[in-house]
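Structure file start.cif with mmCIF, C-alpha atoms:
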```
data_my_file
#
loop_
_atom_site.label_atom_id
_atom_site.label_comp_id
_atom_site.auth_asym_id
_atom_site.auth_seq_id
_atom_site.Cartn_x
_atom_site.Cartn_y
_atom_site.Cartn_z
CA MET A 164 46.12 -22.57 12.33
CA ASN A 165 47.68 -19.54 10.78
CA THR A 166 50.87 -19.97 12.74
CA ASN A 167 51.63 -22.56 10.07
CA LEU A 168 51.15 -20.20 7.15
CA PRO A 169 54.77 -19.77 6.15
CA GLN A 170 55.47 -23.50 6.32
CA GLN A 171 52.93 -24.60 3.74
CA MET A 172 54.12 -25.89 0.42
CA SER A 173 55.05 -22.61 -1.12
CA GLY A 174 57.97 -23.38 -3.36
CA GLY A 175 58.21 -19.64 -3.57
CA ALA A 176 61.89 -19.07 -4.16
CA PRO A 177 63.32 -21.88 -6.22
CA GLN A 178 66.84 -20.58 -6.09
CA GLY A 179 66.97 -20.40 -2.32
CA ALA A 180 70.03 -21.97 -0.79
CA PRO A 181 69.35 -25.09 1.27
CA VAL A 182 67.87 -23.85 4.50
CA LYS A 183 70.00 -24.58 7.50
CA MET A 184 67.78 -24.92 10.53
CA THR A 185 68.88 -24.42 14.04
CA PRO A 186 67.80 -27.11 16.53
CA LYS A 187 65.53 -24.52 18.14
CA GLN A 188 63.70 -23.85 14.87
CA MET A 189 63.35 -27.57 14.24
CA LEU A 190 61.88 -28.01 17.68
CA ALA A 191 59.41 -25.23 16.98
CA ASP A 192 58.43 -26.70 13.60
CA TYR A 193 57.99 -30.17 14.99
CA ARG A 194 56.32 -29.19 18.25
CA TRP A 195 52.99 -30.73 17.25
CA VAL A 196 54.68 -33.95 16.20
CA LEU A 197 56.35 -34.11 19.61
CA ILE A 198 53.08 -33.43 21.42
CA ILE A 199 51.35 -36.20 19.46
CA ALA A 200 54.25 -38.56 20.15
CA LEU A 201 53.92 -37.77 23.83
CA ALA A 202 50.19 -38.52 23.66
CA ASP A 203 50.98 -41.81 21.91
CA LEU A 204 53.38 -42.63 24.74
CA LEU A 205 50.70 -41.89 27.33
CA VAL A 206 48.29 -44.20 25.51
CA TRP A 207 50.93 -46.91 25.51
CA VAL A 208 51.54 -46.54 29.25
CA PHE A 209 47.99 -46.09 30.53
CA TRP A 210 45.91 -47.81 27.87
CA PRO A 211 48.14 -50.51 26.38
CA ALA A 212 45.31 -52.27 24.55
CA GLN A 213 44.88 -49.24 22.28
CA ALA A 214 48.59 -48.82 21.51
CA ALA A 215 48.64 -51.35 18.66
CA PRO A 216 45.75 -49.80 16.70
CA VAL A 217 47.21 -46.31 17.16
CA ILE A 218 50.58 -47.40 15.78
CA ARG A 219 49.01 -49.40 12.95
CA ASN A 220 46.80 -46.50 11.85
CA THR A 221 49.63 -43.98 12.08
CA TRP A 222 51.91 -46.23 10.04
CA ASP A 223 49.24 -46.97 7.39
CA TYR A 224 48.51 -43.29 6.86
CA LEU A 225 52.18 -42.37 6.86
CA VAL A 226 52.92 -44.86 4.08
CA GLU A 227 49.87 -43.81 2.09
CA MET A 228 50.79 -40.15 2.41
CA VAL A 229 54.46 -40.46 1.53
CA VAL A 230 53.67 -42.62 -1.50
CA ILE A 231 51.49 -39.91 -3.03
CA LEU A 232 53.43 -36.92 -1.70
CA ILE A 233 56.61 -37.83 -3.59
CA PRO A 234 55.16 -37.45 -7.12
CA VAL A 235 53.04 -34.50 -5.95
CA ALA A 236 56.16 -32.66 -4.77
CA VAL A 237 57.96 -33.37 -8.05
CA LEU A 238 54.89 -32.18 -9.96
CA MET A 239 54.96 -28.95 -7.97
CA GLY A 240 58.62 -28.54 -8.80
CA LEU A 241 57.89 -29.01 -12.51
CA PHE A 242 55.03 -26.49 -12.46
CA GLU A 243 57.17 -23.97 -10.61
CA VAL A 244 59.90 -24.20 -13.22
CA LEU A 245 57.75 -24.54 -16.35
CA VAL A 246 54.70 -22.30 -15.87
CA PRO A 247 55.69 -18.67 -16.42
CA LYS A 248 53.52 -16.72 -14.00
CA GLN A 249 54.34 -13.35 -15.55
CA LEU A 250 53.00 -14.36 -18.97
CA ILE A 251 49.62 -15.35 -17.59
CA GLY A 252 48.32 -11.76 -17.61
CA LYS A 253 48.69 -11.42 -21.35
CA TYR A 254 45.95 -13.94 -22.04
CA LEU A 255 43.35 -13.03 -19.44
CA GLY A 256 42.04 -9.67 -20.62
CA ARG A 257 38.42 -8.59 -20.91
CA GLU A 258 38.20 -9.56 -24.56
CA SER A 259 39.59 -13.04 -23.99
CA GLY A 260 36.16 -14.73 -23.83
CA TRP A 261 35.99 -18.49 -23.40
CA LYS A 262 39.66 -18.84 -24.21
CA GLY A 263 40.43 -16.63 -21.21
CA VAL A 264 38.12 -18.65 -18.98
CA LEU A 265 39.80 -21.87 -20.04
CA LEU A 266 43.29 -20.44 -19.55
CA ALA A 267 42.34 -19.06 -16.12
CA LEU A 268 41.17 -22.53 -15.14
CA LEU A 269 44.37 -24.11 -16.45
CA PHE A 270 46.64 -21.57 -14.78
CA GLY A 271 44.67 -21.90 -11.56
CA THR A 272 44.94 -25.68 -11.37
CA ALA A 273 48.62 -25.81 -12.23
CA PRO A 274 50.36 -23.70 -9.59
CA THR A 275 52.02 -24.69 -6.42
CA GLY A 276 51.54 -23.19 -3.04
CA PRO A 277 48.70 -22.01 -0.84
CA LEU A 278 46.07 -19.47 -1.87
CA TYR A 279 47.75 -16.45 -0.31
CA VAL A 280 50.53 -16.83 -2.86
CA ALA A 281 47.87 -16.19 -5.52
CA PHE A 282 46.71 -12.81 -4.15
CA PRO A 283 49.72 -10.76 -5.31
CA ILE A 284 49.56 -12.52 -8.67
CA ALA A 285 45.83 -11.75 -8.94
CA ALA A 286 46.43 -8.10 -8.03
CA MET A 287 49.13 -7.84 -10.68
CA LEU A 288 46.80 -9.41 -13.27
CA LEU A 289 44.00 -6.97 -12.44
CA LYS A 290 46.38 -4.05 -12.79
CA LYS A 291 47.52 -5.36 -16.16
CA GLY A 292 43.94 -5.46 -17.38
CA ALA A 293 42.82 -9.03 -16.72
CA SER A 294 39.04 -9.27 -16.30
CA PRO A 295 37.56 -9.85 -12.82
CA LEU A 296 35.81 -12.91 -14.30
CA ASN A 297 39.11 -14.56 -15.19
CA VAL A 298 40.86 -13.51 -11.99
CA ILE A 299 38.05 -14.97 -9.85
CA ILE A 300 38.18 -18.22 -11.83
CA LEU A 301 41.94 -18.34 -11.33
CA LEU A 302 41.61 -17.79 -7.57
CA ASP A 303 38.76 -20.30 -7.16
CA ALA A 304 40.64 -22.92 -9.17
CA TRP A 305 43.77 -22.24 -7.15
CA ALA A 306 41.84 -22.59 -3.88
CA ALA A 307 39.84 -25.70 -4.64
CA ILE A 308 41.00 -27.70 -7.67
CA LYS A 309 44.79 -27.59 -7.86
CA ILE A 310 46.05 -30.71 -9.61
CA PRO A 311 48.39 -31.88 -6.80
CA GLN A 312 45.48 -31.60 -4.40
CA LEU A 313 43.17 -33.52 -6.76
CA LEU A 314 45.70 -36.36 -6.87
CA ILE A 315 45.73 -36.59 -3.07
CA GLU A 316 41.94 -36.41 -3.04
CA ALA A 317 41.59 -39.24 -5.57
CA ARG A 318 44.00 -41.34 -3.54
CA PHE A 319 42.35 -40.84 -0.15
CA LEU A 320 38.68 -40.17 -0.91
CA GLY A 321 38.44 -42.08 -4.17
CA PRO A 322 38.34 -40.99 -7.83
CA SER A 323 34.55 -40.63 -7.83
CA PHE A 324 34.55 -38.14 -4.92
CA MET A 325 37.29 -36.14 -6.63
CA LEU A 326 35.53 -36.14 -10.03
CA VAL A 327 32.10 -35.20 -8.66
CA ARG A 328 33.58 -32.32 -6.66
CA LEU A 329 35.62 -31.18 -9.66
CA ALA A 330 32.58 -31.32 -11.97
CA LEU A 331 30.61 -29.16 -9.53
CA THR A 332 33.41 -26.72 -8.74
CA VAL A 333 34.32 -25.71 -12.30
CA PRO A 334 30.88 -24.33 -13.28
CA SER A 335 30.56 -22.74 -9.83
CA ALA A 336 33.83 -20.88 -10.30
CA ILE A 337 32.74 -19.60 -13.71
CA LEU A 338 29.31 -18.54 -12.43
CA MET A 339 30.89 -16.81 -9.42
CA GLY A 340 33.33 -14.97 -11.64
CA TRP A 341 30.53 -13.80 -13.91
CA LEU A 342 28.36 -12.62 -11.00
CA ILE A 343 31.24 -10.75 -9.38
CA GLN A 344 32.26 -9.14 -12.67
CA LYS A 345 28.68 -7.91 -13.20
CA GLY A 346 28.57 -6.62 -9.64
CA ILE A 347 31.84 -4.75 -10.02
CA GLU A 348 30.73 -3.19 -13.31
CA ARG A 349 27.42 -2.03 -11.82
CA THR A 350 29.06 -0.45 -8.79
CA GLY A 351 31.69 1.57 -10.60
CA GLY A 352 34.76 -0.60 -10.92
CA LEU A 353 37.32 -2.15 -8.62
CA ASP A 354 38.30 -0.64 -5.29
CA LEU A 355 41.95 -1.61 -5.35
CA ASP A 356 44.11 0.21 -2.85
CA PRO A 357 46.69 1.93 -5.05
CA ALA A 358 49.29 2.11 -2.29
CA GLY A 359 48.79 -1.53 -1.37
CA ALA A 360 48.94 -2.62 -4.99
CA GLU A 361 52.11 -0.64 -5.56
CA SER A 362 53.96 -2.06 -2.61
CA ILE A 363 53.47 -5.64 -3.71
CA SER A 364 54.60 -5.56 -7.32
CA MET B 139 41.73 -48.17 -8.69
CA SER B 140 43.53 -45.60 -6.58
CA SER B 141 46.80 -47.50 -6.76
CA ILE B 142 46.65 -47.61 -10.57
CA LEU B 143 46.09 -43.86 -10.40
CA THR B 144 49.06 -43.42 -8.07
CA TRP B 145 51.45 -45.47 -10.17
CA SER B 146 50.41 -43.75 -13.38
CA THR B 147 51.07 -40.46 -11.57
CA TYR B 148 54.60 -41.70 -10.83
CA VAL B 149 55.17 -42.71 -14.46
CA ILE B 150 53.86 -39.42 -15.87
CA VAL B 151 55.56 -37.10 -13.37
CA PHE B 152 58.95 -38.78 -13.38
CA GLY B 153 58.70 -39.26 -17.16
CA ALA B 154 58.17 -35.52 -17.54
CA LEU B 155 61.09 -34.84 -15.23
CA GLY B 156 63.27 -37.18 -17.33
CA VAL B 157 62.30 -35.43 -20.55
CA LEU B 158 63.04 -32.07 -18.96
CA ALA B 159 66.42 -33.33 -17.73
CA LEU B 160 67.37 -34.37 -21.28
CA ARG B 161 66.39 -30.99 -22.68
CA ASP B 162 67.49 -28.65 -19.91
CA ARG B 163 69.50 -30.05 -17.05
CA ALA B 164 69.54 -26.82 -15.06
CA LYS B 165 65.74 -26.48 -15.11
CA ALA B 166 65.30 -30.11 -14.11
CA MET B 167 67.67 -29.65 -11.19
CA GLN B 168 65.73 -26.57 -10.14
CA ALA B 169 62.47 -28.54 -10.28
CA VAL B 170 63.98 -31.23 -8.07
CA LYS B 171 65.20 -28.57 -5.65
CA VAL B 172 61.71 -27.05 -5.42
CA ALA B 173 60.26 -30.55 -4.95
CA VAL B 174 62.63 -31.37 -2.09
CA LYS B 175 62.00 -27.99 -0.49
CA SER B 176 58.23 -28.42 -0.74
CA PHE B 177 58.44 -31.92 0.70
CA ILE B 178 60.58 -30.83 3.65
CA GLY B 179 58.40 -27.76 4.17
CA ILE B 180 55.18 -29.71 4.46
CA LEU B 181 56.72 -32.48 6.60
CA PRO B 182 56.20 -31.05 10.14
CA ILE B 183 52.52 -30.28 9.68
CA MET B 184 51.93 -33.47 7.68
CA LEU B 185 53.52 -35.71 10.31
CA ALA B 186 51.53 -33.97 13.03
CA PHE B 187 48.26 -34.58 11.19
CA ILE B 188 49.13 -38.20 10.46
CA GLY B 189 49.93 -38.67 14.14
CA LEU B 190 46.61 -37.07 15.01
CA ILE B 191 44.73 -39.35 12.61
CA GLY B 192 46.47 -42.43 14.02
CA LEU B 193 45.66 -41.39 17.56
CA LEU B 194 42.07 -40.52 16.73
CA LEU B 195 41.36 -43.77 14.91
CA GLY B 196 43.17 -45.84 17.51
CA VAL B 197 41.50 -44.32 20.55
CA VAL B 198 38.06 -43.10 19.47
CA PRO B 199 35.74 -46.01 18.69
CA THR B 200 34.21 -45.86 15.21
CA GLU B 201 30.74 -46.03 16.78
CA VAL B 202 31.38 -42.63 18.34
CA ILE B 203 32.56 -41.13 15.07
CA SER B 204 29.57 -42.44 13.15
CA ARG B 205 27.18 -41.35 15.90
CA TYR B 206 28.39 -37.73 15.84
CA LEU B 207 29.38 -37.39 12.20
CA GLY B 208 27.40 -40.12 10.48
CA GLN B 209 24.09 -40.20 8.63
CA GLY B 210 22.09 -40.22 11.86
CA ALA B 211 23.74 -37.07 13.24
CA GLY B 212 21.71 -34.97 10.84
CA TRP B 213 22.03 -31.41 9.61
CA TRP B 214 23.71 -29.99 12.68
CA ALA B 215 26.76 -32.18 12.14
CA THR B 216 27.01 -31.10 8.50
CA LEU B 217 26.56 -27.44 9.36
CA THR B 218 29.10 -27.58 12.19
CA ALA B 219 31.64 -29.30 9.94
CA PHE B 220 31.06 -26.64 7.29
CA VAL B 221 31.51 -23.73 9.67
CA LEU B 222 34.64 -25.33 11.14
CA GLY B 223 36.02 -25.77 7.64
CA ALA B 224 35.20 -22.19 6.72
CA VAL B 225 36.95 -20.59 9.71
CA LEU B 226 39.96 -22.89 10.03
CA TYR B 227 43.13 -22.75 8.01
CA ILE B 228 44.42 -26.23 7.22
CA ALA B 229 46.37 -27.01 4.06
CA SER B 230 44.31 -29.34 1.90
CA LEU B 231 47.21 -31.74 1.54
CA VAL B 232 46.81 -32.62 5.21
CA SER B 233 43.08 -32.02 5.68
CA ILE B 234 42.15 -34.52 2.96
CA PRO B 235 43.73 -37.51 4.74
CA LEU B 236 42.04 -36.37 7.97
CA ALA B 237 38.68 -36.14 6.20
CA ALA B 238 39.26 -39.55 4.62
CA SER B 239 40.02 -41.14 7.98
CA LEU B 240 36.74 -39.80 9.41
CA LEU B 241 34.82 -40.97 6.34
CA ARG B 242 36.27 -44.48 6.63
CA ALA B 243 35.36 -44.51 10.31
CA GLY B 244 31.69 -43.85 9.56
CA ALA B 245 31.17 -40.11 9.01
CA SER B 246 28.66 -39.19 6.31
CA VAL B 247 29.81 -38.13 2.84
CA THR B 248 27.83 -34.87 3.08
CA THR B 249 29.44 -33.86 6.37
CA ILE B 250 32.95 -34.66 5.19
CA ALA B 251 32.33 -32.89 1.87
CA ALA B 252 31.01 -29.84 3.76
CA PHE B 253 34.14 -29.73 5.90
CA LEU B 254 36.39 -29.91 2.83
CA THR B 255 34.51 -27.46 0.59
CA GLY B 256 34.31 -24.98 3.47
CA LEU B 257 38.03 -25.35 4.09
CA MET B 258 39.02 -24.98 0.46
CA MET B 259 36.58 -22.34 -0.81
CA VAL B 260 35.90 -20.05 2.14
CA ASN B 261 39.17 -18.45 3.18
CA THR B 262 38.44 -16.59 6.38
CA VAL B 263 41.96 -16.56 7.81
CA THR B 264 43.50 -15.07 4.68
CA LEU B 265 40.59 -12.66 4.04
CA PRO B 266 42.41 -9.56 5.42
CA LEU B 267 45.29 -10.27 3.06
CA GLU B 268 42.89 -10.80 0.17
CA ILE B 269 41.20 -7.46 0.90
CA LYS B 270 44.57 -5.74 0.96
CA TYR B 271 45.52 -7.06 -2.46
CA LEU B 272 42.20 -7.22 -4.31
CA GLY B 273 40.01 -4.64 -2.59
CA LYS B 274 36.97 -5.11 -0.38
CA LYS B 275 34.51 -5.52 -3.22
CA MET B 276 36.20 -8.44 -4.85
CA ALA B 277 37.50 -10.19 -1.75
CA LEU B 278 34.27 -9.99 0.26
CA SER B 279 32.00 -10.92 -2.63
CA ARG B 280 34.23 -13.85 -3.55
CA ASN B 281 34.17 -15.26 -0.04
CA LEU B 282 30.46 -14.64 0.51
CA LEU B 283 29.54 -16.30 -2.77
CA SER B 284 31.97 -19.11 -1.94
CA LEU B 285 30.08 -19.67 1.29
CA VAL B 286 26.89 -20.34 -0.68
CA PHE B 287 28.50 -22.36 -3.47
CA ALA B 288 30.66 -24.44 -1.11
CA PHE B 289 27.65 -25.55 0.92
CA ALA B 290 25.60 -26.28 -2.20
CA ILE B 291 28.44 -28.33 -3.68
CA ALA B 292 28.79 -30.35 -0.46
CA ILE B 293 25.06 -31.13 -0.42
CA MET B 294 25.19 -32.19 -4.07
CA ILE B 295 28.25 -34.39 -3.50
CA GLY B 296 26.30 -36.04 -0.69
CA MET B 297 23.29 -36.60 -2.93
CA VAL B 298 25.38 -38.13 -5.69
CA LEU B 299 27.63 -40.34 -3.55
CA GLN B 300 25.60 -41.23 -0.47
#
```

Will you turn the file into structure tokens for me?
Amino acid sequence: MNTNLPQQMSGGAPQGAPVKMTPKQMLADYRWVLIIALADLLVWVFWPAQAAPVIRNTWDYLVEMVVILIPVAVLMGLFEVLVPKQLIGKYLGRESGWKGVLLALLFGTAPTGPLYVAFPIAAMLLKKGASPLNVIILLDAWAAIKIPQLLIEARFLGPSFMLVRLALTVPSAILMGWLIQKGIERTGGLDLDPAGAESIS
Amino acid sequence: MSSILTWSTYVIVFGALGVLALRDRAKAMQAVKVAVKSFIGILPIMLAFIGLIGLLLGVVPTEVISRYLGQGAGWWATLTAFVLGAVLYIASLVSIPLAASLLRAGASVTTIAAFLTGLMMVNTVTLPLEIKYLGKKMALSRNLLSLVFAFAIAIMIGMVLQ
């Protein structure tokens, strides 16, 4: 669960020197792999008839995953280098209308990394005057319809599953953004914590 | 169909990287570095999940999976999968293969969709962080609305694809 948070695909600091890991860190990172391997071994010893299907399934999924993960990782690298996160705020203001909605969707589907990477960016955008509508769309798109994730989804669950979910998620994100914006306007604006917002930028 | 999709992804992505390399070598190198870092970063959790899928599919008979997660298991299975998805934190890059393996073993589309939409749209584990950055109003209303929309989307996916 959230013990894995820092290990997700973050691509946060592109200039970081190659990380040298101590054997102890590696062991900690791969502890679940080792536990599963141990379980596999137990199956092989005590339940030999099931060993072949376990190995076959593991191998099939490993190949399938690596095949799609290679271009997905490169795509994430390209996004990280080519999409200027700081410029996003300029185009997402309250007057941006449908153009802003479209850009929020595009910026939301492009980035790399898990959702918690988006929170500081969203906070910065709000402070720079982006509308809650656009920020919610950006967050929802980031959470549910990132392009690398859609590629994996199409590969494993089929293009039709991916497309149906995408077609339902986009209008939902826009509707949610609109509802939340209305709610925030009616209740007297955002309740951002000024200290918290300051310490992150 | 999915392999055509995969190979066109390769052509487009590596084509774009090639074009970038011709125009700006340093940026292309940086992109590759980020790619390698991302790949290595996701590897431990990805391998663990793949191992788990292999073990699950090899040991648990598909009849059991379809009995508890299939069409016949009814609303409780869908609801349980949704709640599990909403409270857990699993990166989608690894939860999608897991969901796919259950689907192929006989789980219902609605239940699998509920698990995935809950996982992606309702972010319980990161909610405290979201509140800290965006304020209670925005963070709580986003997650509460997500709860409703995520479930509705899962039901609709089930209706379209079942």

Exercise for the section: Step by step, work through what the PyMOL selection byres ((chain B and resi 207) around 10) selects in the shown file, and finish by giving those residues as a VMD selection string. Expected result: chain B and resid 201 to 206 208 to 216 218 to 219 240 to 241 243 to 250

Practice task
Tell me, as number ranges by chain, which residues lie within 12 Å of Gly156 of chain B, counting only C-alpha atoms; anything in the same chain fewer than 6 positions away does not count.
Solution key: A: 237, 241; B: 148-150, 162-163, 165-167, 169-170

Practice task
May I have the residues of chain B within 6 Å of chain A, counting all atoms listed in the file, written as a list of chain:residue names?
Solution key: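 The selection requested is B:Ser140, B:Tyr148, B:Ala169, B:Val172, B:Ala173, B:Ser176, B:Phe177, B:Gly179, B:Ile180, B:Pro182, B:Ala186, B:Gly189, B:Gly192, B:Leu193, B:Gly196, B:Tyr227, B:Ala238, B:Met258, B:Tyr271, B:Leu272, B:Gly273.
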
Handout entry: Nearby residues (only C-alpha atoms) at most 6 Å from segment 278-293 of chain B, same-chain spacing under 6 positions excluded, as number ranges by chain
Key = B: 248, 251-252, 255-256, 259-260

Just C-alpha atoms for this one: save the residues we selected as a CSV table (one decimal), in the frame of the given file.
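Wrote it out as out_7.csv, contents follow:
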```csv
chain,number,residue,atom,x,y,z
B,248,THR,CA,27.8,-34.9,3.1
B,251,ALA,CA,32.3,-32.9,1.9
B,252,ALA,CA,31.0,-29.8,3.8
B,255,THR,CA,34.5,-27.5,0.6
B,256,GLY,CA,34.3,-25.0,3.5
B,259,MET,CA,36.6,-22.3,-0.8
B,260,VAL,CA,35.9,-20.0,2.1
```

Handout entry: For atom CA of Val264 of chain A and atom CA of Asn297 of chain A, the interatomic separation in Å (one decimal)
Key = 5.7 Å

Practice task
Would you mind reading off the distance between atom CA of Leu194 of chain B and atom CA of Ser239 of chain B, one decimal, in Å?
Solution key: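 Taking atom CA of Leu194 of chain B as the start and atom CA of Ser239 of chain B as the end point, the length is 9.0 Å.
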
Fill in the blank from the handout: Between atom CA of Ile228 of chain B and atom CA of Ala273 of chain A lies a distance of 19.9 Å

Problem - Residue among B:Phe187, B:Thr262, B:Leu195, B:Pro235 lying closest to Val221 of chain B, counting only C-alpha atoms - result: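 Among the listed residues, B:Thr262 lies closest to Val221 of chain B.
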
Problem - Close residues, Phe253 of chain B itself excluded, 7 Å, all atoms listed in the file, min 6 positions apart in chain, as a list of chain:residue names - result: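 Final neighbour list, sorted by chain and number: B:Ala219, B:Phe220, B:Leu222, B:Gly223.
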
Calculate, to one decimal in Å, the centre and edge lengths of the box along x, y and z of the file that holds all listed atoms of segment 309-314 of chain A with 3 Å of margin on each side, and present them as JSON.
```
{"center_x": 45.8, "center_y": -32.0, "center_z": -7.0, "size_x": 11.2, "size_y": 14.8, "size_z": 11.2}
```

Problem - Pick from B:Lys270, B:Lys275, B:Leu155, B:Asn261, whichever lies nearest to Arg349 of chain A using all atoms listed in the file - result: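 Among the listed residues, B:Lys275 lies closest to Arg349 of chain A.
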